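Remarks on the structure that follows.
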Amino acid sequence: MGAVDLSTHPGHLARRLQQAHSLLWGAMVSEETTSPQFAVVNALVEKPDIDQRTLSEHVHLDRSTIADVVARLARRGLLERVRDPRDGRRNVLKLTEEGVRVHRKLVTRTARMNRVFLAPLDVEERETLLRLIARVADAAEELRA
C-alpha cells in the first residue's frame, strides 16, 4: 500500500495548525502564560466566582488539565481560591489584581496574534473556518462524553 496524502487528514492538519499557533503565541503573546492559562483567566473575567468544575466545562479542559492550570496560576498569584459565601463547602476561583492586569495585557496581544494567524484568509473565510473548527470540536467533545 502506498503513502496517503496527509493533507486530507484533519488530525495532521490540526497538529500543524497547533504548532503554528504555539509558535505565534510564544513570539507575540507570552512565553510565561500559555493559551490554556489565558483561557482560564479570560473565563474568570467573564464569569467571576465560579468553581473549578464549572470553569473546566466553560473552557473545555479536562479535570486533570484544569487542576494543573489553576494550580500554576495560583502559584503565580493570578488567581485565588475563596470560600463561596453562599455555600461554605464550596470554593470558587477569583482573579487577583495581578490576574486582571495580566488579562488586560494579553487581550491586546491575543487580538494582534489572531490577526496575524488568520491573515491568509479574508473575513468571510475566517468566519467560516472558526465556525467549522468549533463544530468539529463540539462534535468531538460529544463523542468523548
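Each chain of the C-alpha cells is named A, B, ... in the order shown, its residues numbered from 1; ligands are numbered from 1 in display order.
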
* Asked: Quick one: residues within 12 Å of Ser64 (chain A), only C-alpha atoms counted, chain neighbours fewer than 6 positions away excluded, as a list of chain:residue names?
  -> A:Gln52, A:Arg53, A:Ser56, A:Val70, A:Ala71

* **DSSP helix (DSSP H, G or I) residues within chain A, listed as a count of residues only** => 99

* To do: Please identify all polymer residues within 10 Å of region 7-22 of chain A, counting only C-alpha atoms, omitting same-chain residues fewer than 2 positions from it, and present them as an MDAnalysis selection string.
  => chainID A and resid 4:5 24:29 31 34:35 113:114 117 133

* To do: Please provide as a list in words all residues within 9 Å of Glu80 (chain A), with the sequence filter that same-chain residues fewer than 6 positions apart are discarded (counting only C-alpha atoms).
  => Val70, Leu73, Ala74, Val92, Leu93, Lys94, Leu95 and Thr96 of chain A

* **Surrounding residues of Arg83 (chain A) excluding itself and chain neighbours under 2 positions, 12 Å, only C-alpha atoms, as a PyMOL selection string** => chain A and resi 49-51+80-81+85-94

* **Using only C-alpha atoms: which of A:Phe38, A:Arg144, A:Ser30, A:Leu106 has the shortest distance to Val69 (chain A)** =>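 For Val69 (chain A), the nearest of the given residues is A:Phe38.
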
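When DSSP is run on the backbone, the residues of chain A that fall into strand (DSSP E) are Leu79, Glu80, Arg81, Val82, Arg83, Asp84, Asp87, Gly88, Arg89, Arg90, Asn91, Val92, Leu93, Lys94 and Leu95 of chain A.
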
I need the residues from that last selection saved to file as a PDB file, in the first residue's frame (with C-alpha atoms), if you can.
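Now in part_13.pdb:
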ATOM      1  CA  LEU A  79      -5.985  33.727  40.955  1.00  0.00           C
ATOM      2  CA  GLU A  80      -7.075  32.572  44.374  1.00  0.00           C
ATOM      3  CA  ARG A  81      -9.475  30.036  45.807  1.00  0.00           C
ATOM      4  CA  VAL A  82     -12.082  31.575  48.087  1.00  0.00           C
ATOM      5  CA  ARG A  83     -14.898  30.016  50.130  1.00  0.00           C
ATOM      6  CA  ASP A  84     -18.240  30.565  48.452  1.00  0.00           C
ATOM      7  CA  ASP A  87     -22.106  27.649  50.284  1.00  0.00           C
ATOM      8  CA  GLY A  88     -19.236  27.256  52.747  1.00  0.00           C
ATOM      9  CA  ARG A  89     -18.496  23.731  51.464  1.00  0.00           C
ATOM     10  CA  ARG A  90     -17.532  25.050  48.072  1.00  0.00           C
ATOM     11  CA  ASN A  91     -14.517  27.016  46.831  1.00  0.00           C
ATOM     12  CA  VAL A  92     -14.769  29.494  43.983  1.00  0.00           C
ATOM     13  CA  LEU A  93     -11.982  30.973  41.900  1.00  0.00           C
ATOM     14  CA  LYS A  94     -11.273  34.679  41.719  1.00  0.00           C
ATOM     15  CA  LEU A  95      -8.714  36.642  39.764  1.00  0.00           C
TER      16      LEU A  95
END

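Of the listed residues (A:Pro48, A:Leu118, A:Arg112, A:Arg76), A:Arg76 comes nearest to Glu98 (chain A); the distances count only C-alpha atoms.
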